[in-house]
>>> print(open('query_35.txt').read())   # compact mmCIF, C-alpha atoms
# COMPACT_ATOMS: atom_id res chain seq x y z
CA MET A 1 -2.06 27.24 -26.56
CA PRO A 2 0.72 24.61 -26.49
CA VAL A 3 -0.28 21.00 -27.14
CA PHE A 4 1.92 18.20 -25.86
CA GLU A 5 2.09 14.54 -26.71
CA VAL A 6 3.02 12.49 -23.64
CA ARG A 7 4.16 8.90 -24.08
CA ILE A 8 4.32 6.42 -21.19
CA THR A 9 6.41 3.29 -21.78
CA LEU A 10 7.53 0.39 -19.62
CA LYS A 11 11.07 0.53 -18.29
CA GLU A 12 13.53 -1.95 -19.70
CA GLY A 13 13.34 -5.15 -17.67
CA ILE A 14 9.62 -4.83 -16.89
CA VAL A 15 7.61 -7.64 -18.45
CA ASP A 16 5.17 -6.41 -21.09
CA PRO A 17 2.35 -9.01 -21.22
CA GLU A 18 0.12 -6.76 -23.35
CA GLY A 19 2.84 -6.35 -25.96
CA GLU A 20 3.70 -10.05 -25.90
CA ASN A 21 0.09 -11.14 -26.24
CA THR A 22 -0.55 -8.71 -29.06
CA LYS A 23 2.52 -10.03 -30.84
CA LYS A 24 1.30 -13.64 -30.52
CA THR A 25 -2.12 -12.71 -31.85
CA LEU A 26 -0.69 -10.78 -34.78
CA GLN A 27 1.46 -13.83 -35.60
CA LEU A 28 -1.67 -15.98 -35.51
CA LEU A 29 -3.12 -13.64 -38.10
CA GLY A 30 -0.18 -14.42 -40.35
CA PHE A 31 2.20 -11.54 -39.65
CA ASP A 32 5.22 -13.85 -39.51
CA ASP A 33 7.88 -11.18 -39.90
CA LEU A 34 6.91 -9.55 -36.65
CA LYS A 35 9.86 -8.96 -34.33
CA GLN A 36 8.46 -7.13 -31.31
CA VAL A 37 5.33 -5.36 -30.09
CA SER A 38 5.61 -2.96 -27.16
CA PHE A 39 2.73 -1.49 -25.24
CA SER A 40 2.70 2.24 -24.49
CA LYS A 41 0.15 4.91 -23.63
CA LEU A 42 -0.19 8.21 -25.41
CA TYR A 43 -1.85 11.31 -23.98
CA THR A 44 -2.50 14.54 -25.85
CA ILE A 45 -2.53 17.46 -23.43
CA SER A 46 -3.51 21.00 -24.33
CA MET A 47 -2.30 23.72 -21.99
CA GLU A 48 -3.37 27.29 -21.35
CA GLY A 49 -0.02 28.48 -20.04
CA SER A 50 3.06 29.62 -21.91
CA GLY A 51 6.20 27.72 -22.97
CA GLU A 52 8.46 27.10 -19.97
CA THR A 53 5.67 27.02 -17.38
CA ALA A 54 3.69 24.61 -19.51
CA ILE A 55 6.68 22.30 -19.90
CA ARG A 56 7.26 22.28 -16.13
CA GLU A 57 3.61 21.45 -15.54
CA VAL A 58 3.62 18.58 -18.04
CA GLU A 59 6.74 17.22 -16.35
CA GLU A 60 4.93 17.30 -12.99
CA MET A 61 1.86 15.62 -14.49
CA CYS A 62 4.04 12.74 -15.65
CA ARG A 63 5.85 12.50 -12.34
CA ARG A 64 2.79 12.70 -10.10
CA LEU A 65 0.13 10.76 -12.03
CA LEU A 66 0.63 9.70 -15.62
CA ALA A 67 3.69 7.48 -14.99
CA ASN A 68 4.44 5.14 -12.12
CA PRO A 69 8.15 5.80 -11.51
CA ALA A 70 8.72 2.20 -10.41
CA ILE A 71 7.93 0.74 -13.82
CA HIS A 72 7.47 3.56 -16.34
CA ASN A 73 9.53 5.94 -18.41
CA TYR A 74 7.90 9.00 -19.89
CA THR A 75 8.68 11.36 -22.73
CA TYR A 76 6.80 14.39 -23.98
CA ARG A 77 7.06 16.72 -26.94
CA LEU A 78 5.38 19.86 -28.10
CA ILE A 79 3.25 19.02 -31.14
CA ASP A 80 1.35 22.27 -31.61
CA GLU A 81 1.66 25.90 -30.55
CA GLN A 82 -1.57 27.42 -31.78
CA MET B 1 -13.60 -11.73 20.92
CA GLU B 2 -11.61 -11.27 24.15
CA GLU B 3 -12.54 -7.91 25.63
CA ASP B 4 -12.00 -8.27 29.36
CA GLY B 5 -10.11 -5.34 30.82
CA PHE B 6 -10.40 -3.16 27.69
CA LEU B 7 -12.36 0.08 27.55
CA LEU B 8 -13.45 -0.32 23.97
CA LYS B 9 -15.93 -3.04 23.07
CA THR B 10 -16.08 -4.66 19.63
CA SER B 11 -19.53 -3.14 19.16
CA ASP B 12 -17.99 0.34 19.68
CA ILE B 13 -15.58 -0.07 16.75
CA ARG B 14 -16.41 2.19 13.83
CA VAL B 15 -15.18 1.19 10.37
CA ALA B 16 -15.22 3.48 7.33
CA VAL B 17 -15.56 1.70 4.01
CA LEU B 18 -14.19 4.33 1.68
CA ARG B 19 -15.46 4.60 -1.87
CA ILE B 20 -15.59 6.79 -4.93
CA GLU B 21 -17.32 6.20 -8.25
CA GLY B 22 -16.38 2.80 -9.65
CA THR B 23 -15.82 1.15 -6.27
CA ASN B 24 -18.05 -1.93 -6.32
CA MET B 25 -17.21 -4.11 -3.32
CA ALA B 26 -18.20 -1.65 -0.58
CA GLU B 27 -21.41 -3.46 0.41
CA GLU B 28 -19.59 -6.78 0.80
CA ALA B 29 -16.76 -5.23 2.82
CA ALA B 30 -19.24 -3.48 5.11
CA ALA B 31 -21.27 -6.68 5.50
CA ALA B 32 -18.12 -8.55 6.51
CA ALA B 33 -17.24 -5.96 9.14
CA LYS B 34 -20.79 -5.93 10.48
CA GLY B 35 -20.70 -9.73 10.65
CA SER B 36 -18.05 -9.37 13.35
CA GLY B 37 -20.30 -7.04 15.34
CA VAL B 38 -18.65 -3.71 14.57
CA ARG B 39 -20.31 -0.61 13.13
CA ALA B 40 -19.44 -0.11 9.48
CA GLU B 41 -20.40 2.81 7.30
CA ILE B 42 -19.87 3.19 3.56
CA ILE B 43 -18.67 6.71 2.92
CA HIS B 44 -17.77 8.57 -0.24
CA LEU B 45 -14.47 10.44 -0.32
CA LYS B 46 -16.48 13.65 -0.85
CA GLN B 47 -17.93 13.23 2.65
CA LEU B 48 -14.40 13.47 4.08
CA GLU B 49 -13.53 16.39 1.80
CA GLY B 50 -16.62 18.33 2.90
CA ARG B 51 -18.09 18.38 -0.59
CA CYS B 52 -21.52 17.34 0.69
CA SER B 53 -24.33 18.55 2.89
CA PRO B 54 -23.33 19.29 6.52
CA ALA B 55 -25.34 16.27 7.71
CA MET B 56 -23.27 13.95 5.52
CA ARG B 57 -19.89 15.42 6.52
CA ARG B 58 -17.52 12.89 8.07
CA SER B 59 -13.99 12.99 9.49
CA LEU B 60 -11.49 10.14 9.56
CA GLN B 61 -11.27 10.77 13.30
CA ASP B 62 -14.82 9.39 13.53
CA TYR B 63 -13.44 5.92 12.73
CA HIS B 64 -11.07 3.30 14.15
CA MET B 65 -10.37 1.60 10.83
CA ILE B 66 -10.58 2.25 7.10
CA VAL B 67 -11.35 -0.39 4.49
CA ILE B 68 -10.70 0.56 0.87
CA PRO B 69 -12.63 -2.11 -1.01
CA GLY B 70 -12.31 -3.57 -4.47
CA GLY B 71 -13.69 -2.37 -7.75
CA PHE B 72 -12.63 -0.18 -10.62
CA SER B 73 -12.39 3.26 -9.06
CA SER B 74 -12.54 6.02 -11.68
CA GLY B 75 -12.76 3.29 -14.30
CA ASP B 76 -9.15 2.23 -13.60
CA TYR B 77 -8.16 5.02 -16.00
CA VAL B 78 -4.45 5.92 -16.15
CA ARG B 79 -3.66 2.91 -13.91
CA ALA B 80 -5.75 0.88 -11.49
CA GLY B 81 -6.01 2.91 -8.28
CA ALA B 82 -4.06 5.92 -9.57
CA MET B 83 -7.02 8.31 -9.72
CA PHE B 84 -8.39 7.43 -6.28
CA ALA B 85 -4.88 7.75 -4.83
CA SER B 86 -4.41 11.16 -6.42
CA ARG B 87 -7.73 12.35 -5.07
CA ILE B 88 -6.76 11.25 -1.56
CA LYS B 89 -3.36 12.97 -1.88
CA SER B 90 -4.91 16.20 -3.09
CA SER B 91 -7.54 16.41 -0.35
CA ILE B 92 -7.26 14.32 2.83
CA GLY B 93 -3.68 13.10 2.31
CA ARG B 94 -2.33 14.50 5.58
CA GLU B 95 -5.33 13.29 7.58
CA PHE B 96 -4.97 9.85 5.99
CA MET B 97 -1.28 9.63 6.90
CA ASN B 98 -2.00 10.82 10.47
CA PHE B 99 -4.60 8.05 10.74
CA ILE B 100 -1.91 5.49 9.89
CA ASP B 101 0.66 7.11 12.18
CA GLU B 102 -1.81 6.75 15.06
CA GLY B 103 -1.76 2.99 14.46
CA ARG B 104 -5.33 2.84 13.20
CA PRO B 105 -5.69 -0.07 10.78
CA VAL B 106 -6.16 0.40 7.04
CA LEU B 107 -7.16 -2.55 4.88
CA GLY B 108 -6.84 -2.23 1.10
CA ILE B 109 -8.50 -5.06 -0.79
CA CYS B 110 -7.75 -5.55 -4.49
CA ASN B 111 -8.37 -2.06 -5.92
CA GLY B 112 -7.74 -0.86 -2.36
CA PHE B 113 -4.29 -2.45 -2.45
CA GLN B 114 -3.62 -0.80 -5.82
CA ILE B 115 -4.59 2.53 -4.25
CA LEU B 116 -2.24 2.03 -1.27
CA VAL B 117 0.60 1.22 -3.70
CA GLU B 118 -0.18 4.28 -5.83
CA LEU B 119 -0.22 6.38 -2.65
CA GLY B 120 3.34 5.24 -1.92
CA ILE B 121 2.26 3.74 1.42
CA LEU B 122 2.95 0.14 0.33
CA PRO B 123 5.52 -1.26 0.05
CA SER B 124 7.12 0.65 2.86
CA GLY B 125 10.41 -0.94 3.85
CA GLY B 126 10.71 1.92 6.32
CA GLU B 127 10.97 4.48 3.54
CA LYS B 128 9.14 7.77 4.00
CA GLY B 129 8.86 10.74 1.73
CA GLU B 130 6.75 12.12 -1.07
CA MET B 131 3.60 10.09 -1.73
CA LEU B 132 4.83 8.49 -4.96
CA PRO B 133 4.69 4.76 -5.78
CA ARG B 134 7.71 2.58 -5.05
CA ALA B 135 6.24 -0.45 -6.82
CA ALA B 136 3.34 -1.30 -9.08
CA LEU B 137 0.51 -3.79 -9.30
CA ALA B 138 1.03 -4.46 -12.96
CA THR B 139 -1.00 -6.35 -15.56
CA ASN B 140 -1.28 -10.08 -14.80
CA LEU B 141 1.25 -12.17 -16.72
CA SER B 142 -1.66 -14.05 -18.28
CA THR B 143 -3.14 -10.71 -19.46
CA ARG B 144 -6.42 -12.11 -18.21
CA TYR B 145 -8.79 -11.13 -15.46
CA GLU B 146 -8.15 -13.92 -12.93
CA CYS B 147 -11.33 -14.58 -10.94
CA ARG B 148 -11.21 -17.80 -8.90
CA PRO B 149 -10.25 -19.35 -5.54
CA ALA B 150 -6.65 -18.94 -4.39
CA TYR B 151 -4.63 -20.32 -1.50
CA LEU B 152 -2.59 -18.00 0.67
CA LYS B 153 0.00 -18.79 3.30
CA ASN B 154 0.37 -16.42 6.22
CA VAL B 155 4.13 -15.85 6.32
CA ASN B 156 4.03 -12.91 8.71
CA ARG B 157 5.97 -13.43 11.92
CA GLY B 158 3.80 -11.16 14.06
CA HIS B 159 4.36 -7.61 12.79
CA CYS B 160 1.04 -7.24 10.96
CA VAL B 161 -2.05 -6.59 13.07
CA PHE B 162 -4.31 -8.25 10.50
CA THR B 163 -2.84 -11.70 11.26
CA ARG B 164 -2.97 -11.59 15.06
CA LYS B 165 -5.46 -14.45 15.10
CA ILE B 166 -3.78 -16.44 12.31
CA PRO B 167 -0.78 -18.57 13.28
CA THR B 168 2.27 -18.20 11.00
CA GLY B 169 2.21 -20.86 8.28
CA THR B 170 -1.60 -21.13 8.21
CA LEU B 171 -3.20 -21.69 4.81
CA LEU B 172 -6.24 -19.61 3.90
CA SER B 173 -8.60 -19.90 0.98
CA VAL B 174 -9.37 -16.41 -0.30
CA PRO B 175 -10.48 -15.77 -3.89
CA THR B 176 -8.93 -13.37 -6.36
CA ALA B 177 -10.63 -11.21 -8.99
CA HIS B 178 -8.30 -8.82 -10.79
CA GLY B 179 -6.52 -8.02 -14.01
CA GLU B 180 -3.66 -5.99 -12.50
CA GLY B 181 -2.24 -7.72 -9.44
CA LYS B 182 1.35 -8.57 -10.24
CA LEU B 183 3.45 -6.90 -7.56
CA THR B 184 6.35 -5.46 -9.52
CA PHE B 185 9.39 -3.66 -8.16
CA PRO B 186 11.66 -1.32 -10.15
CA PRO B 187 13.90 -3.21 -12.61
CA GLY B 188 16.85 -4.86 -10.91
CA LYS B 189 15.52 -4.04 -7.43
CA SER B 190 13.19 -6.99 -6.80
CA ASP B 191 15.60 -9.08 -4.71
CA GLU B 192 16.68 -6.04 -2.72
CA TRP B 193 13.05 -5.11 -1.98
CA VAL B 194 12.09 -8.64 -0.96
CA ALA B 195 15.11 -8.90 1.36
CA LYS B 196 14.14 -5.60 2.97
CA LEU B 197 10.49 -6.59 3.36
CA GLU B 198 11.47 -10.01 4.74
CA GLU B 199 13.80 -8.44 7.28
CA SER B 200 11.17 -5.98 8.49
CA ASP B 201 8.43 -8.66 8.43
CA GLU B 202 6.30 -6.71 5.97
CA ILE B 203 5.35 -9.66 3.75
CA VAL B 204 2.03 -11.06 4.95
CA PHE B 205 0.49 -13.45 2.42
CA ARG B 206 2.07 -15.48 -0.39
CA TYR B 207 0.28 -17.57 -3.00
CA VAL B 208 0.70 -21.32 -2.56
CA ASP B 209 -0.73 -24.49 -4.09
CA ASP B 210 -3.32 -26.66 -2.32
CA ARG B 211 -0.55 -28.36 -0.34
CA GLY B 212 0.96 -25.15 0.90
CA ASN B 213 3.95 -25.07 -1.45
CA PHE B 214 4.92 -21.80 -3.10
CA ALA B 215 3.97 -22.30 -6.71
CA GLY B 216 3.66 -20.45 -10.01
CA TYR B 217 0.67 -19.99 -12.29
CA PRO B 218 -2.16 -20.85 -11.88
CA TRP B 219 -1.71 -20.96 -8.08
CA ASN B 220 -0.08 -17.57 -8.30
CA PRO B 221 -2.77 -15.95 -10.46
CA ASN B 222 -0.86 -12.90 -11.62
CA GLY B 223 2.87 -13.67 -11.66
CA SER B 224 3.50 -11.52 -8.59
CA PHE B 225 7.18 -11.48 -7.63
CA TYR B 226 8.04 -13.93 -4.81
CA ASN B 227 4.38 -15.07 -4.92
CA ILE B 228 3.43 -12.02 -2.87
CA ALA B 229 -0.32 -11.64 -2.35
CA GLY B 230 -0.34 -9.17 0.55
CA ILE B 231 2.04 -6.83 2.36
CA THR B 232 2.00 -4.53 5.36
CA ASP B 233 3.91 -1.32 6.11
CA ASP B 234 6.47 -0.42 8.75
CA THR B 235 3.71 0.23 11.33
CA GLY B 236 2.12 -3.20 10.76
CA SER B 237 -1.33 -1.62 10.83
CA VAL B 238 -1.78 -1.32 7.05
CA LEU B 239 -2.55 -4.37 4.92
CA GLY B 240 -2.84 -4.41 1.16
CA MET B 241 -3.87 -7.66 -0.49
CA MET B 242 -5.15 -8.60 -3.92
CA PRO B 243 -7.42 -11.50 -2.80
CA HIS B 244 -10.83 -10.68 -1.30
CA PRO B 245 -11.22 -11.77 2.35
CA GLU B 246 -14.82 -10.49 2.40
CA ARG B 247 -15.64 -13.12 -0.21
CA THR B 248 -14.83 -15.97 2.19
CA TYR B 249 -16.01 -14.24 5.32
CA TRP B 250 -18.61 -17.01 5.82
CA ARG B 251 -17.86 -20.67 5.34
CA TYR B 252 -20.69 -21.04 2.82
CA LEU B 253 -18.90 -18.52 0.58
CA HIS B 254 -16.01 -20.97 0.09
CA SER B 255 -16.36 -22.72 -3.27
CA ASP B 256 -15.92 -26.18 -1.67
CA TRP B 257 -17.78 -25.59 1.59
CA THR B 258 -20.15 -28.57 1.34
CA ARG B 259 -17.17 -30.96 1.27
CA GLY B 260 -16.04 -29.99 4.76
CA ASP B 261 -17.34 -30.47 8.27
CA LEU B 262 -20.69 -28.64 8.38
CA SER B 263 -20.99 -28.61 12.16
CA GLY B 264 -19.89 -25.70 14.31
CA ASN B 265 -19.86 -22.07 13.35
CA MET B 266 -20.04 -20.82 9.80
CA HIS B 267 -16.94 -18.61 9.93
CA GLY B 268 -14.88 -18.57 6.74
CA ASP B 269 -11.16 -18.01 6.29
CA GLY B 270 -11.48 -14.34 5.36
CA ARG B 271 -13.13 -13.52 8.67
CA LEU B 272 -9.84 -14.13 10.50
CA ILE B 273 -8.31 -11.10 8.79
CA PHE B 274 -11.12 -8.77 9.88
CA ASP B 275 -11.32 -10.23 13.39
CA SER B 276 -7.55 -9.87 13.83
CA ALA B 277 -7.83 -6.13 13.17
CA PHE B 278 -10.82 -5.73 15.50
CA ASP B 279 -8.97 -7.65 18.21
CA TYR B 280 -6.04 -5.24 17.81
CA ILE B 281 -8.31 -2.17 17.93
CA VAL B 282 -9.95 -3.35 21.16
CA SER B 283 -6.54 -3.89 22.75
CA LYS B 284 -5.08 -0.55 21.58
CA PHE B 285 -7.83 2.08 21.78
>>> encode(input="query_35.txt", output="structure tokens")
Amino acid sequence: MPVFEVRITLKEGIVDPEGENTKKTLQLLGFDDLKQVSFSKLYTISMEGSGETAIREVEEMCRRLLANPAIHNYTYRLIDEQ
Amino acid sequence: MEEDGFLLKTSDIRVAVLRIEGTNMAEEAAAAAKGSGVRAEIIHLKQLEGRCSPAMRRSLQDYHMIVIPGGFSSGDYVRAGAMFASRIKSSIGREFMNFIDEGRPVLGICNGFQILVELGILPSGGEKGEMLPRAALATNLSTRYECRPAYLKNVNRGHCVFTRKIPTGTLLSVPTAHGEGKLTFPPGKSDEWVAKLEESDEIVFRYVDDRGNFAGYPWNPNGSFYNIAGITDDTGSVLGMMPHPERTYWRYLHSDWTRGDLSGNMHGDGRLIFDSAFDYIVSKF
């Protein structure tokens, strides 16, 4: 049963208000050496199918729902093959 | 409403207010439609999919217009509107697109606008293809939920059926209530998209200040590119807008209503958007 980790990030050039606001708040808490905070989403997806088919399906999940192609990039990796 | 010479009367118009779990402005949207004298019914998507008792089964062909109201459909999980859009695509997608192709109006308010964007219906710019988003209604620049009055200018030159009764340049007071309303185009494509939408007259409402000047925050509550508050598609019969016209349907719903002239009818600014669509339906069907 392959398990994938899918990460959704904002494309370069898309404003990241969540990341910016988190950065400001962390600085208020005294983390002065902070350079950048970026917001992303992480999904853990367990599949029933086998290797190649599972990868194709995860790709389609990203394309059709998990990422908005106008503003998001997505990456995924196999983290477990129980 | 002018009806002379038309077969369909306003009272014959049937409006579907489409909801799933998490939709929370259906009652207000239906009340607004009914206020104009049309028949409005709140229906769950399952009733269109047939996942209900036979007596509750509905078809989009039963209606002249769809309103997708505001709320937090499916908890806004993944992205605001993404789940509702996916459920439409996977079930009644073809029927929904046929409805639009027939020129029947679709109004997406707030979460409804987010759903139309996630469906890939708005923005259109004449592009057709797979139902995938071409833009996003991203997190407000303020990262806050912005719930307050807003001023909109109707900049549409006549393409959109929802502004038939609103002269170009008119200012409307319609409140906003959202956390993700910043219309965002793919990186580096914003100017190109706006030029295309301008050319095809698909921009409908833009945020302005109280004097009618295009202005930034707080007048533009979310940082939307080009101050865009509402857009239509290439048919002109679809309108997606972040502000809530049902919340100023009556004059006494305006936050400053006691300061104005209290004589005459009690129609609010938002009513014009509904009445424009009903006027169009009477003339077309």
>>> closest_residue(input="query_35.txt", among="A:Glu60, A:Val3, A:Ser38, A:Asp33", to="Asn21 of chain A", atoms="all atoms listed in the file")
A:Ser38
>>> closest_residue(input="query_35.txt", among="B:Thr139, B:Ser74, B:Thr170, B:Ser190", to="chain A", atoms="only C-alpha atoms")
B:Thr139
>>> interface_residues(input="query_35.txt", of="chain A", to="chain B", cutoff="10 Å", atoms="all atoms listed in the file", output="PyMOL selection string")
chain A and resi 11-21+41+43+63-72
>>> residues_around(input="query_35.txt", residues="segment 88-94 of chain B", least_positions_apart="3", cutoff="12 Å", atoms="only C-alpha atoms", output="PyMOL selection string")
(chain A and resi 64-65) or (chain B and resi 18-20+44-51+58-61+68+81-85+97-101+115-116+118-121+130-132)
>>> atom_distance(input="query_35.txt", atom1="atom CA of Tyr74 of chain A", atom2="atom CA of Gly179 of chain B")
23.1 Å
>>> axis_aligned_box(input="query_35.txt", around="segment 48-54 of chain A", padding_each_side="5 Å", output="AutoDock Vina command-line options")
--center_x 2.5 --center_y 27.1 --center_z -20.2 --size_x 21.8 --size_y 15.0 --size_z 15.6
>>> residues_around(input="query_35.txt", residues="Arg271 of chain B", least_positions_apart="2", cutoff="12 Å", atoms="only C-alpha atoms", output="NGL selection string")
:B and (29 or 31-37 or 162-163 or 165-166 or 172-174 or 244-251 or 253-254 or 265-269 or 273-279)
>>> residues_around(input="query_35.txt", residues="Ser73 of chain B", least_positions_apart="5", cutoff="6 Å", atoms="all atoms listed in the file", output="count of residues only")
3
>>> atom_distance(input="query_35.txt", atom1="atom CA of Tyr280 of chain B", atom2="atom CA of Phe113 of chain B")
20.5 Å
>>> atom_distance(input="query_35.txt", atom1="atom CA of Pro69 of chain B", atom2="atom CA of Asn24 of chain B")
7.6 Å
>>> residues_around(input="query_35.txt", residues="Arg7 of chain A", least_positions_apart="6", cutoff="12 Å", atoms="all atoms listed in the file", output="list in words")
Phe39, Ser40, Lys41, Leu42, Tyr43, Thr44, Ile45, Val58, Glu59, Met61, Cys62, Leu66, Ala67, His72, Asn73, Tyr74, Thr75, Tyr76, Arg77 and Leu78 of chain A
>>> closest_residue(input="query_35.txt", among="A:Met47, A:Ala54, A:Leu28, A:Leu10", to="Gln82 of chain A", atoms="only C-alpha atoms")
A:Met47
>>> residues_around(input="query_35.txt", residues="Phe285 of chain B", least_positions_apart="2", cutoff="12 Å", atoms="all atoms listed in the file", output="PyMOL selection string")
chain B and resi 3+5-10+12-14+63-65+102-105+277-283
>>> write_last_selection(input="query_35.txt", atoms="C-alpha atoms", output="CSV table (one decimal), in the frame of the given file")
chain,number,residue,atom,x,y,z
B,3,GLU,CA,-12.5,-7.9,25.6
B,5,GLY,CA,-10.1,-5.3,30.8
B,6,PHE,CA,-10.4,-3.2,27.7
B,7,LEU,CA,-12.4,0.1,27.6
B,8,LEU,CA,-13.4,-0.3,24.0
B,9,LYS,CA,-15.9,-3.0,23.1
B,10,THR,CA,-16.1,-4.7,19.6
B,12,ASP,CA,-18.0,0.3,19.7
B,13,ILE,CA,-15.6,-0.1,16.8
B,14,ARG,CA,-16.4,2.2,13.8
B,63,TYR,CA,-13.4,5.9,12.7
B,64,HIS,CA,-11.1,3.3,14.2
B,65,MET,CA,-10.4,1.6,10.8
B,102,GLU,CA,-1.8,6.8,15.1
B,103,GLY,CA,-1.8,3.0,14.5
B,104,ARG,CA,-5.3,2.8,13.2
B,105,PRO,CA,-5.7,-0.1,10.8
B,277,ALA,CA,-7.8,-6.1,13.2
B,278,PHE,CA,-10.8,-5.7,15.5
B,279,ASP,CA,-9.0,-7.6,18.2
B,280,TYR,CA,-6.0,-5.2,17.8
B,281,ILE,CA,-8.3,-2.2,17.9
B,282,VAL,CA,-10.0,-3.4,21.2
B,283,SER,CA,-6.5,-3.9,22.8
>>> closest_residue(input="query_35.txt", among="A:Ile55, A:Thr25, A:Gly30, A:Asp80", to="Met1 of chain A", atoms="all atoms listed in the file")
A:Asp80
